[in-house]
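Participant: Let me begin by handing over the structure; questions about it come next.
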Amino acid sequence: MRGSLLSVGLMMASLVSTALVVAPGPADAASFDCARARTSSERTICGNRQLEDRDVKMATLYSVVRQFQGGMGALGAIRDRQTEWLAQRELCAANVACIRRSYDVRIAELERGVAAAAGR
């Protein structure tokens, strides 16, 4: 039990430090450079504070899951799923509700990954 609590504490500390590194400054609120937004979904995210916030939360969780999942096979699967999700998000184009749902689904997946890693 104590080891599990320690593990969760370490994971949360890592999450906070990752958030500080990943979290952008006021000029760029998404996890990517909005000045280089190419697709309609990226431009829509950059123009919508709620979507920007979801993007930063997703990127932070993705970073934590990548850090705490073991083995090269697991990392490859995590990257593959992220690439797949990005392609699905792009299908939303400029539809804010679709992009929001896409982020909500991905954030829930990543939160389960963090919880699973904490339960080890």
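Quick note on naming: the chains in the structure tokens go A, B, ... in the order shown, residues restart at 1 in each chain, and ligands are numbered from 1 in order of appearance.
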Which residues of range 66-120 of chain A come within 10 Å of range 41-48 of chain A, and what is each one's closest atom pair and distance in Å (one decimal), counting only C-alpha atoms, sorted by chain and residue number, as CSV?

Facilitator:
residue,atom,partner,partner_atom,distance
A:Arg89,CA,A:Ser41,CA,7.5
A:Glu90,CA,A:Ser41,CA,5.9
A:Leu91,CA,A:Ser41,CA,8.2
A:Cys92,CA,A:Ser41,CA,6.6
A:Ala93,CA,A:Ser41,CA,4.6
A:Ala94,CA,A:Ser41,CA,5.0
A:Asn95,CA,A:Ser41,CA,7.6
A:Val96,CA,A:Thr44,CA,7.1
A:Cys98,CA,A:Ser41,CA,9.8
A:Ile99,CA,A:Ser41,CA,7.4
A:Arg100,CA,A:Ile45,CA,9.3

Participant: Do a neighbour search on Glu109 in chain A at 10 Å with only C-alpha atoms, toss out local chain neighbours closer than 4 positions, and write the hits as a ChimeraX atom specification.

Facilitator: /A:58,61-62,103-105,113-115

Participant: Neighbouring residues of Asp55 in chain A were defined as those with any atom within 9 Å, considering only C-alpha atoms; residues of the same chain fewer than 5 positions away were excluded. Please report them as a PyMOL selection string.

Facilitator: chain A and resi 29-32+45+50+60+103

Participant: From range 26-56 of chain A, collect each residue whose DSSP state is helix (DSSP H, G or I) and return the set as a list in words.

Facilitator: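 So the helix (DSSP H, G or I) residues in range 26-56 of chain A would be Cys34, Ala35, Arg36, Ser40, Ser41, Glu42, Arg43, Thr44, Ile45, Cys46, Arg49, Gln50, Leu51, Glu52, Asp53, Arg54, Asp55 and Val56 of chain A.
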
Participant: Selection from above, C-alpha atoms, as a JSON list (two decimals), in the first residue's frame, can you write it?

Facilitator:
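After the write, result36.json holds the following:
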[["chain", "number", "residue", "atom", "x", "y", "z"],
["A", 34, "CYS", "CA", -0.24, 28.27, -33.43],
["A", 35, "ALA", "CA", 1.79, 30.42, -35.82],
["A", 36, "ARG", "CA", 2.46, 27.20, -37.74],
["A", 40, "SER", "CA", -8.43, 23.79, -40.26],
["A", 41, "SER", "CA", -8.68, 21.85, -36.99],
["A", 42, "GLU", "CA", -5.36, 23.31, -35.77],
["A", 43, "ARG", "CA", -6.49, 26.84, -36.67],
["A", 44, "THR", "CA", -9.82, 26.20, -34.93],
["A", 45, "ILE", "CA", -8.03, 24.97, -31.79],
["A", 46, "CYS", "CA", -5.81, 28.06, -31.78],
["A", 49, "ARG", "CA", -9.57, 28.89, -25.57],
["A", 50, "GLN", "CA", -11.52, 25.79, -24.42],
["A", 51, "LEU", "CA", -9.98, 23.71, -27.21],
["A", 52, "GLU", "CA", -6.54, 25.12, -26.45],
["A", 53, "ASP", "CA", -6.97, 24.10, -22.81],
["A", 54, "ARG", "CA", -8.04, 20.60, -23.83],
["A", 55, "ASP", "CA", -5.05, 20.37, -26.16],
["A", 56, "VAL", "CA", -2.63, 21.27, -23.37]]

Participant: At a cut-off of 12 Å, using only C-alpha atoms, what residues contact Leu110 in chain A? Leave out same-chain residues fewer than 6 positions from it and give the result as a ChimeraX atom specification.

Facilitator: /A:57-66,68-69,78-79,81-82,85,103-104,116-117

Participant: Could you check how far CA of Thr83 in chain A sits from CA of Asp33 in chain A, in Å to one decimal?

Facilitator: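 We find that CA of Thr83 in chain A and CA of Asp33 in chain A lie 17.8 Å from each other.
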
Participant: What does the distance between CA of Arg106 in chain A and CA of Leu86 in chain A come to in Å, to one decimal place?

Facilitator: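 That distance, rounded to one decimal, is 9.7 Å.
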